[in-house]
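Note sheet for the following structure.
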Number of protein chains: 2
Amino acid sequence: MATLTDIAVSGAINILTTFVFFLVFAVLRIQPVNDRVYFPKWYIKGLRCPPLWGGAFASKFVNLDFRAYRRFLNWMPDALQMPESELIDHAGLDSAVYLRIYLLGLKVFSPVALLAFTIMVPVNWTSSSLRLSNLTYSNIDMLSISNIRTGSRRFWTHLVMAYAFSFWTCYCLKKEYATIAQMRLHFLASENRRPDQFTVLVRNVPPDPDESVSEAVEHFFLVNHPDHYLTHQVVYNANNLSNLADEKKTLENWLDYYQLKYNRNPSKRPTTKTGIFGLWGDSVDAIDHYTAKIEKASREIALETEKTISSCKSVMPTAFVSFRSRWGAAVCAQTQQSRNPTVWLTEWAPEPRDVFWPNLAIPYFSLSVRKLLVAVAFFFLTFFFMIPIALVQSLANIEGIEKALPFLKPIIEMKVIKSFIQGFLPGIALKVFLLFLPSILMLMSRFEGSVSVSALERRSATKYYLFQFINVFLGSIITGTAFQQLSNFLHQSANEIPKTIGTSIPMKATFFITYIMVDGWAGVAGEILRLKPLIIYHLKNFFLVKTEKDREEAMDPGTLGFNTGEPQIQLYFLLGLVYAVVTPILLPFILVFFSLAYIVYRHQIINVYNQEYESAAAFWPDVHGRIIAALVVSQIILMGLLSTKEAAQSTPLLITLPVLTISFHKYCKERYEPAFRRYPLQEAMMKDTLEKAKEPNFNLKSFLRPAYVHPVFKEGLEIGNTSLNEELDGEPEPVLVPTKRLSKRESPSIVVP
Amino acid sequence: MATLTDIAVSGAINILTTFVFFLVFAVLRIQPVNDRVYFPKWYIKGLRCPPLWGGAFASKFVNLDFRAYRRFLNWMPDALQMPESELIDHAGLDSAVYLRIYLLGLKVFSPVALLAFTIMVPVNWTSSSLRLSNLTYSNIDMLSISNIRTGSRRFWTHLVMAYAFSFWTCYCLKKEYATIAQMRLHFLASENRRPDQFTVLVRNVPPDPDESVSEAVEHFFLVNHPDHYLTHQVVYNANNLSNLADEKKTLENWLDYYQLKYNRNPSKRPTTKTGIFGLWGDSVDAIDHYTAKIEKASREIALETEKTISSCKSVMPTAFVSFRSRWGAAVCAQTQQSRNPTVWLTEWAPEPRDVFWPNLAIPYFSLSVRKLLVAVAFFFLTFFFMIPIALVQSLANIEGIEKALPFLKPIIEMKVIKSFIQGFLPGIALKVFLLFLPSILMLMSRFEGSVSVSALERRSATKYYLFQFINVFLGSIITGTAFQQLSNFLHQSANEIPKTIGTSIPMKATFFITYIMVDGWAGVAGEILRLKPLIIYHLKNFFLVKTEKDREEAMDPGTLGFNTGEPQIQLYFLLGLVYAVVTPILLPFILVFFSLAYIVYRHQIINVYNQEYESAAAFWPDVHGRIIAALVVSQIILMGLLSTKEAAQSTPLLITLPVLTISFHKYCKERYEPAFRRYPLQEAMMKDTLEKAKEPNFNLKSFLRPAYVHPVFKEGLEIGNTSLNEELDGEPEPVLVPTKRLSKRESPSIVVP
């Protein structure tokens with residue numbers, strides 16, 4: 001059992017590691033050669049150029065200004081200085097609200113830690129249960145609830161504290177929910193016009209024998225939203241086109257490279273070989289070769305584009321329908337359109353960047369089956385993931401390899417390699433699995449069919465949290481695989497389960513303290529170092545980067561990674577809430593994590609990450625719900641713990657607590673969640689009226705038309721295929737006189753079907 | 001243990017009882033004196049007059065036509081003859097769909113019974129587990145699953161049958177859901193214009209320092225639904241007025257009575273006394289006395305009406321807002337209006353008759369607290385209802401009474417009375433409780449704050465079903481009070497509970513057979529006799545009925561009683577599904593119940609019941625959900641049963657079954673439930689367009705204006721208080737020039753708040 005000294009030693013090691021990481025970071029970040037690794041956000045925004053100091057050649061790569069080294073920690077105040085409103089402008093609302101999760105952690109746990117240390121620690125310390133018993137115990141246990149005698153009246157302190165902590169957490173949560181709902185509405189109402197405010201995604205357009213999808217959509221909305229319908233954009237299945245476009249891009253890149261080479265040395269035209277990777281085959285003039293190839297690719301793309309647009313098969317029964325006003329879009333998104341509730345499904349269109357195009361093709365009826373399949377698969381993944389890993393581990397032993405690949409025998413029998421295989425291989429299987437877990441969960445979420453990247457990440461985050469809750473939290477408390485736990489739980493009675501967990505909770509405190517220091521402190525400090533992007537950038541820069549454009553692409557700013565980051569925070573919330581009453585010594589460690597992470601991620605969001613989409617903090621209801629879940633879990637565990645301590649008279653009070661918490665959650669759901677799901681008509685009308693007064697002649701149609709074009713077509717448009725725009729006009733009959741079509745679309749005549 | 005012979009005897013007794021009930025009914029119904037008890041529906045519809053055959057005085061009361069007695073069962077085919085479409089016209093969709101629940105029972109259980117008797121009964125019968133054992137057993141057990149040897153491979157039959165029954169039930173449910181959704185939409189789209197199609201109930205209008213509620217509502221909807229808003233009606237707290245109106249009604253009744261008396265005997269003016277009940281005091285001329293009193297009451301009512309309408313305090317922050325089109329109403333009902341989702345709450349207005357006025361005053365914020373309180377109260381009611389009853393029972397014994405009321409001692413000590421008290425009194429406490437249970441549950445639902453009677457009944461039905469499930473179904477299987485069960489369940493492991501229930505299920509078959517015969521067969525036959533309304537009608541007729549109007553009111557047609565009737569049916573669904581695989585002998589009894597009840601209730605709906613509202617079968621999602629729940633319960637119980645029979649290899653297949661069933665439920669919910677909750681815009685638009693084309697000049701405003709006036713005001717209007725209509729015009733400033741107000745209301749100008 002770990003004593004306070006052990007923890008102190010471990011803490012010192014971790015603090016040292018963290019400090020070293022920060023030191024290394026401080027040195028690396030001021031080297032000009034790393035500038036694109038540590039400040040990519042500014043490059044992307046076009047606010048920073050490659051540093052080109054005058055002076056020696058070396059100073060282009062290494063910072064020789066020694067004064068800069070003295071202020072090596074000054075990134076911290078820098079990170080904190082940017083005000084929140086500026087941060088929202090700079091990095092988006094998602095990032096700003098994400099940071100507020102850490103702040104919320106600080107807000108919740110600072111007073112909790114203070115109360116716990118002034119009231120509960122003395123109460124625990126002055127008890128004498130452990131001293132009088134014959135059990136071995138450590139100083140940490142002296143500070144925990146374990147030190148209190150069975151049936152003691154001191155448990156009232158813990159009960160009162162549980163109430164106080166729960167109320168305080170709920171108060172913070174409510175305040176935060178209100179603030180963020182306010183921020184979201186304010187963000188959505190902020191001045192700039194966004195296409196998604198006018199657009200609704202319509203799915204499952206029913207097939208019509210007489211009309212194409214585009215015609216059916218137009219007629220349906222002209223009839224049912226006569227005064228509001230403006231235009232629409234059908235969705236094409238453009239996967240082939242996507243591949244062709246990628247190919248062309250590579251060719252263009254090579255052409256750039258050879259152009260550059262030729263410009264530098266105009267005396268010699270560069271050559272290349274026609275074989276694979278340009279390694280063998282006939283030698284030809286590179287520039288001519290690639291120019292010809294690009295032309296060919298362009299022709300192919302034009303052909304494929306025409307094929308995609310004209311073929312009925314590539315039109316999906318899905319469309320982005322745009323309205324004249326936000327009011328019209330809000331109405332359409334929130335109402336049921338057709339008698340059959342499985343066709344003409346409307347929902348808010350995600351932001352154009354946020355659309356996950358491949359999933360728009362999934363038919364609606366398969367969605368529920370897909371969800372069921374994923375739920376079953378996730379269940380097995382969570383509870384049985386150890387089985388295939390154990391299998392791999394059993395295969396990856398010496399005898400197994402020798403049997404399968406006998407010719408390797410002489411190598412394996414070497415002592416160094418043998419010990420390596422025996423020592424590392426079994427562990428590696430598990431590590432590899434855990435490394436790939438977020439990707440596996442993301443694949444599962446993709447299969448479920450969400451149509452926006454933000455929704456995918458939210459669903460992945462939920463799964464990852466559940467996995468962590470079962471395999472990290474419960475798995476550490478009740479040793480054994482998740483499946484063994486499940487079987488234990490099934491064979492235990494309903495009120496035994498909290499007892500089992502409750503009794504082992506205090507004993508695991510030291511383990512979790514170590515976990516927080518390794519995973520939380522050092523992990524966060526490692527995040528700022530960006531070791532992986534740093535190495536990859538330099539490797540790419542050295543071997544692959546041919547042009548300035550390549551260098552731009554080699555720079556990998558990354559994103560916040562909501563699907564892995566948020567579940568990690570939630571684990572700390574869970575640990576904090578569970579141990580607040582049981583072993584308060586854990587709280588300072590969590591506070592350090594939250595403050596460290598807040599500073600580090602604020603720095604990263606300002607300087608590094610480049611969010612791919614903006615969901616306007618749509619994830620907050622999930623965050624809120626999971627903290628509430630953690631609170632309820634902590635209350636149930638406390639109930640189990642106290643019931644083993646024969647403090648039965650407190651049971652009714654303890655049962656009331658989760659009931660109240662869940663009621664609070666329901667209240668919050670009713671009060672604040674609509675702000676994240678629906679768009680109030682009052683807001684829409686206000687904004688519409690204001691805009692109409694300001695810009696009465698704004699051409700909304702031409703503003704909305706290009707917004708929801710498949711990115712592949714957009715690229716096609718950029719490279720000069722101007723006729724495409726005409727063809728993407730929603731209706732594939734170019735024979736009709738345009739004026740006629742326009743009149744039909746503008747006039748709000750009612751067509752009785 | 002009951003044998004087949006016992007069951008046969010019991011069956012014979014119950015069949016006899018049922019037959020006697022029918023015989024008595026057949027005799028009573030053709031007596032002219034009972035006409036208003038057995039055919040009130042026709043009186044209310046104005047299609048039937050009091051029978052006034054010529055001939056003897058006696059024939060006015062007793063049917064002397066002996067030929068009528070021969071055809072004493074011909075009400076049965078009569079009841080079945082009316083086609084469903086006519087039934088919907090005659091009694092409404094609610095009643096017609098209610099009958100379909102019984103039909104659904106027949107549809108589900110007929111093939112199930114057939115299959116069970118051709119396949120499962122032989123399999124059970126030819127086993128020999130019980131014959132070889134030393135246990136006592138009856139013939140009924142020979143037919144049940146108990147007769148199969150532990151670990152036998154014959155259990156595969158039961159497994160396959162469980163799948164077959166589940167699939168058949170789900171198939172029937174899906175078909176029925178589709179049919180009823182279709183019927184509902186057709187009913188709503190049927191030609192007659194209904195005020196609720198244009199009206200939305202707006203709750204929680206936020207207080208405004210500058211505007212009255214009525215003004216605030218008008219401005220808000222003029223701004224946010226400029227093209228669609230038509231008119232609105234604020235809701236007044238008119239409880240005082242309601243009481244005064246009731247008082248006046250009694251006075252008018254007395255006046256009628258004395259007028260009648262005077263008309264019959266013009267020589268003598270009737271007198272009455274001024275004291276209580278007209279029993280003492282000064283004797284005055286009755287007609288003058290009551291005329292004066294009515295005048296006074298009228299003045300009071302006028303005063304109170306004015307007070308109610310002009311006082312700000314009696315205006316509730318609630319309004320019925322009507323729109324120009326169904327489309328406008330559908331949009332408003334389905335969207336969120338304001339940034340704050342707890343104000344300006346919109347929902348479909350219930351049908352005018354269906355509105356539960358007192359609950360319109362409950363503030364929104366208290367609703368969630370009320371729901372929580374009711375949930376807690378219901379929990380205690382369900383699990384601890386035995387405690388107060390046991391208390392009453394312990395008080396209601398001989399010693400208790402003698403102690404409390406010593407003067408009764410000589411009476412109590414009489415042998416007859418003593419044995420009566422000892423034998424009946426303890427039972428009576430329970431009976432009284434069970435008699436009042438539906439009323440208690442209805443009160444609870446009222447407290448929750450639903451604003452329509454139909455919603456109240458639906459919520460009561462849910463509670464009643466839960467109570468029956470726990471106290472009748474589980475309570476009979478695991479003997480002991482509900483609280484003991486709860487404590488057992490909490491102390492048992494999760495997979496022990498289905499085992500406990502599963503093993504006792506086959507043993508309780510005979511009990512439930514008897515239950516079905518007594519409660520189902522005889523109970524239904526008793527329903528047709530209408531003993532209570534019969535007695536009450538004749539008592540009232542004899543003692544109280546003074547005028548023809550009184551007689552009209554003494555006639556108590558009653559309603560379907562969804563809040564008690566539906567849970568009863570559901571109990572039979574539950575029993576049928578649970579015992580289909582375990583003891584198929586139960587099925588014929590359930591089939592008899594369903595067919596008997598179908599005929600009886602069809603007769604009652606045609607001839608007796610007078611529904612107070614029409615919710616267009618809004619209850620079907622509840623019915624569907626509860627049958628699914630019963631199916632899942634039956635599957636879990638079978639799983640528990642088979643796991644004790646060491647048929648473990650079937651467990652994965654058995655676990656799959658509830659998972660599939662729940663997925664099916666989710667699918668149905670998505671596919672059909674919206675038809676019961678929302679109103680598709682396509683439908684609304686179609687209907688609007690059609691109506692506009694048919695009646696372009698229809699004055700919708702004057703059609704909608706009186707629909708949602710509080711019934712008290714309506715009565716006020718009828719008795720000639722014509723100025724009231726003007727005052728109820730929505731705005732309480734009669735000084736304004738009407739033209740000005742109208743122009744303001746008609747023009748859809750946008751007023752920026």
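All residue names refer to the structure tokens as shown: chains lettered A, B, ... in order, residues numbered from 1 in each chain, ligands numbered from 1 in order.
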
Can you list every residue in region 323-469 of chain B that DSSP puts in strand (DSSP E), as a PDB file with C-alpha atoms, in the first residue's frame?
ATOM      1  CA  PHE B 323     -54.741  30.940 -37.161  1.00  0.00           C
ATOM      2  CA  LEU B 345     -45.079  27.286 -25.022  1.00  0.00           C
ATOM      3  CA  THR B 346     -47.259  26.105 -27.839  1.00  0.00           C
ATOM      4  CA  GLU B 347     -49.076  22.832 -28.213  1.00  0.00           C
ATOM      5  CA  TRP B 348     -52.134  21.710 -30.140  1.00  0.00           C
TER       6      TRP B 348
END

**Request:** Pull out every residue of chain B sitting within 9 Å of chain A, counting only C-alpha atoms, and send them as an MDAnalysis selection string.
**Result:** chainID B and resid 185 220 223:225 327 330:342 368:369 372 489:496 663 666:667 670:675 678:686 689:690 750 752:753

Output the selection as a PDB file, in the first residue's frame - C-alpha atoms for each residue.
ATOM      1  CA  LEU B 185     -55.463  10.907 -40.172  1.00  0.00           C
ATOM      2  CA  PHE B 220     -46.250  38.499 -30.296  1.00  0.00           C
ATOM      3  CA  VAL B 223     -44.896  39.870 -35.219  1.00  0.00           C
ATOM      4  CA  ASN B 224     -43.842  36.267 -35.394  1.00  0.00           C
ATOM      5  CA  HIS B 225     -46.619  34.735 -37.479  1.00  0.00           C
ATOM      6  CA  TRP B 327     -50.895  25.196 -41.922  1.00  0.00           C
ATOM      7  CA  ALA B 330     -49.517  23.244 -37.467  1.00  0.00           C
ATOM      8  CA  VAL B 331     -46.406  25.377 -37.776  1.00  0.00           C
ATOM      9  CA  CYS B 332     -47.028  27.200 -34.527  1.00  0.00           C
ATOM     10  CA  ALA B 333     -47.810  24.015 -32.594  1.00  0.00           C
ATOM     11  CA  GLN B 334     -44.654  22.267 -33.710  1.00  0.00           C
ATOM     12  CA  THR B 335     -42.087  25.015 -33.387  1.00  0.00           C
ATOM     13  CA  GLN B 336     -40.350  26.804 -30.574  1.00  0.00           C
ATOM     14  CA  GLN B 337     -41.418  30.415 -30.333  1.00  0.00           C
ATOM     15  CA  SER B 338     -39.081  32.174 -28.017  1.00  0.00           C
ATOM     16  CA  ARG B 339     -35.433  32.113 -27.118  1.00  0.00           C
ATOM     17  CA  ASN B 340     -36.440  31.026 -23.627  1.00  0.00           C
ATOM     18  CA  PRO B 341     -38.012  27.598 -24.126  1.00  0.00           C
ATOM     19  CA  THR B 342     -40.120  27.887 -20.978  1.00  0.00           C
ATOM     20  CA  SER B 368     -42.003  19.337 -13.232  1.00  0.00           C
ATOM     21  CA  VAL B 369     -42.142  19.551  -9.438  1.00  0.00           C
ATOM     22  CA  LEU B 372     -41.919  14.460  -9.378  1.00  0.00           C
ATOM     23  CA  PHE B 489     -35.956  -7.997  -5.690  1.00  0.00           C
ATOM     24  CA  LEU B 490     -33.426  -5.587  -4.286  1.00  0.00           C
ATOM     25  CA  HIS B 491     -31.760  -8.406  -2.404  1.00  0.00           C
ATOM     26  CA  GLN B 492     -31.795 -10.795  -5.326  1.00  0.00           C
ATOM     27  CA  SER B 493     -29.363 -10.762  -8.194  1.00  0.00           C
ATOM     28  CA  ALA B 494     -30.501  -9.493 -11.576  1.00  0.00           C
ATOM     29  CA  ASN B 495     -30.739 -12.947 -13.104  1.00  0.00           C
ATOM     30  CA  GLU B 496     -32.429 -14.496 -10.069  1.00  0.00           C
ATOM     31  CA  SER B 663     -36.134  -2.667 -31.649  1.00  0.00           C
ATOM     32  CA  LYS B 666     -38.611   1.715 -31.563  1.00  0.00           C
ATOM     33  CA  TYR B 667     -39.284   1.248 -35.239  1.00  0.00           C
ATOM     34  CA  GLU B 670     -40.633   6.312 -35.271  1.00  0.00           C
ATOM     35  CA  ARG B 671     -42.910   5.172 -38.031  1.00  0.00           C
ATOM     36  CA  TYR B 672     -46.372   5.675 -36.552  1.00  0.00           C
ATOM     37  CA  GLU B 673     -46.245   7.746 -33.384  1.00  0.00           C
ATOM     38  CA  PRO B 674     -45.798  11.097 -35.150  1.00  0.00           C
ATOM     39  CA  ALA B 675     -49.299  10.617 -36.589  1.00  0.00           C
ATOM     40  CA  ARG B 678     -47.920  16.069 -34.847  1.00  0.00           C
ATOM     41  CA  TYR B 679     -49.909  17.256 -37.822  1.00  0.00           C
ATOM     42  CA  PRO B 680     -48.101  16.984 -41.157  1.00  0.00           C
ATOM     43  CA  LEU B 681     -47.883  20.200 -43.140  1.00  0.00           C
ATOM     44  CA  GLN B 682     -48.762  18.423 -46.374  1.00  0.00           C
ATOM     45  CA  GLU B 683     -52.104  17.326 -44.936  1.00  0.00           C
ATOM     46  CA  ALA B 684     -52.764  20.771 -43.522  1.00  0.00           C
ATOM     47  CA  MET B 685     -51.960  22.470 -46.807  1.00  0.00           C
ATOM     48  CA  MET B 686     -54.106  20.065 -48.823  1.00  0.00           C
ATOM     49  CA  THR B 689     -56.382  24.575 -50.282  1.00  0.00           C
ATOM     50  CA  LEU B 690     -59.446  22.409 -50.725  1.00  0.00           C
ATOM     51  CA  ILE B 750     -44.738  43.563 -38.937  1.00  0.00           C
ATOM     52  CA  VAL B 752     -40.859  45.188 -34.404  1.00  0.00           C
ATOM     53  CA  PRO B 753     -41.084  44.849 -30.630  1.00  0.00           C
TER      54      PRO B 753
END

**Prompt:** Interatomic distance between CA of Leu435 (chain B) and CA of Ala618 (chain B)?
**Reply:** 26.8 Å

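Nearest-residue note for Gly640 (chain A): choosing from A:Thr126, A:Asn610, A:Thr382, A:Thr503, the minimum distance belongs to A:Thr503, counting only C-alpha atoms.
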
**Message:** Can you tell me which residues surround Asn359 (chain B) at a distance of at most 9 Å, considering only C-alpha atoms, apart from same-chain residues fewer than 5 positions away, and format the answer as number ranges by chain?
**Reply:** B: 446-452

**Asked** Just asking: which residues within region 276-398 of chain B are alpha helix (DSSP H) according to DSSP, as a PyMOL selection string?
**Response** chain B and resi 286-310+326-334+365-384+386-395+398

Could you take the residues named above and write them with C-alpha atoms, as a short mmCIF file (atom, residue, chain, number, x, y, z; two decimals), in the first residue's frame?
data_model
loop_
_atom_site.label_atom_id
_atom_site.label_comp_id
_atom_site.auth_asym_id
_atom_site.auth_seq_id
_atom_site.Cartn_x
_atom_site.Cartn_y
_atom_site.Cartn_z
CA ALA B 286 -92.71 29.75 -4.57
CA ILE B 287 -92.74 31.13 -8.11
CA ASP B 288 -92.21 34.72 -7.05
CA HIS B 289 -89.61 33.66 -4.53
CA TYR B 290 -87.52 31.77 -7.05
CA THR B 291 -87.96 34.37 -9.77
CA ALA B 292 -86.62 37.00 -7.39
CA LYS B 293 -83.77 34.73 -6.34
CA ILE B 294 -82.84 34.01 -9.94
CA GLU B 295 -82.80 37.68 -10.73
CA LYS B 296 -80.51 38.29 -7.81
CA ALA B 297 -78.24 35.48 -8.92
CA SER B 298 -78.20 36.84 -12.45
CA ARG B 299 -77.10 40.21 -11.15
CA GLU B 300 -74.40 38.55 -9.09
CA ILE B 301 -73.22 36.59 -12.07
CA ALA B 302 -73.10 39.69 -14.23
CA LEU B 303 -71.09 41.44 -11.53
CA GLU B 304 -68.72 38.53 -11.09
CA THR B 305 -68.34 38.19 -14.86
CA GLU B 306 -67.40 41.79 -15.17
CA LYS B 307 -65.01 41.47 -12.26
CA THR B 308 -63.42 38.38 -13.77
CA ILE B 309 -63.02 39.91 -17.18
CA SER B 310 -61.80 43.32 -16.08
CA ARG B 326 -54.38 24.72 -40.54
CA TRP B 327 -50.90 25.20 -41.92
CA GLY B 328 -50.31 28.20 -39.70
CA ALA B 329 -51.58 26.34 -36.65
CA ALA B 330 -49.52 23.24 -37.47
CA VAL B 331 -46.41 25.38 -37.78
CA CYS B 332 -47.03 27.20 -34.53
CA ALA B 333 -47.81 24.01 -32.59
CA GLN B 334 -44.65 22.27 -33.71
CA PHE B 365 -42.41 25.94 -13.66
CA SER B 366 -44.40 23.98 -11.09
CA LEU B 367 -45.26 21.23 -13.57
CA SER B 368 -42.00 19.34 -13.23
CA VAL B 369 -42.14 19.55 -9.44
CA ARG B 370 -45.71 18.31 -9.52
CA LYS B 371 -44.72 15.40 -11.72
CA LEU B 372 -41.92 14.46 -9.38
CA LEU B 373 -44.20 14.65 -6.35
CA VAL B 374 -46.82 12.51 -8.04
CA ALA B 375 -44.18 9.98 -9.07
CA VAL B 376 -43.00 9.69 -5.48
CA ALA B 377 -46.57 9.53 -4.16
CA PHE B 378 -47.45 6.87 -6.71
CA PHE B 379 -44.43 4.83 -5.72
CA PHE B 380 -45.53 4.87 -2.11
CA LEU B 381 -49.13 4.20 -3.05
CA THR B 382 -48.13 1.15 -5.05
CA PHE B 383 -45.67 -0.36 -2.65
CA PHE B 384 -47.03 0.71 0.72
CA MET B 386 -51.15 -2.12 2.51
CA ILE B 387 -49.83 -0.20 5.52
CA PRO B 388 -52.75 2.20 6.09
CA ILE B 389 -55.19 -0.55 5.21
CA ALA B 390 -53.63 -2.90 7.73
CA LEU B 391 -53.87 -0.06 10.23
CA VAL B 392 -57.56 0.40 9.52
CA GLN B 393 -58.03 -3.34 9.68
CA SER B 394 -56.34 -3.55 13.05
CA LEU B 395 -58.54 -0.72 14.32
CA ILE B 398 -63.86 -5.91 17.97
#
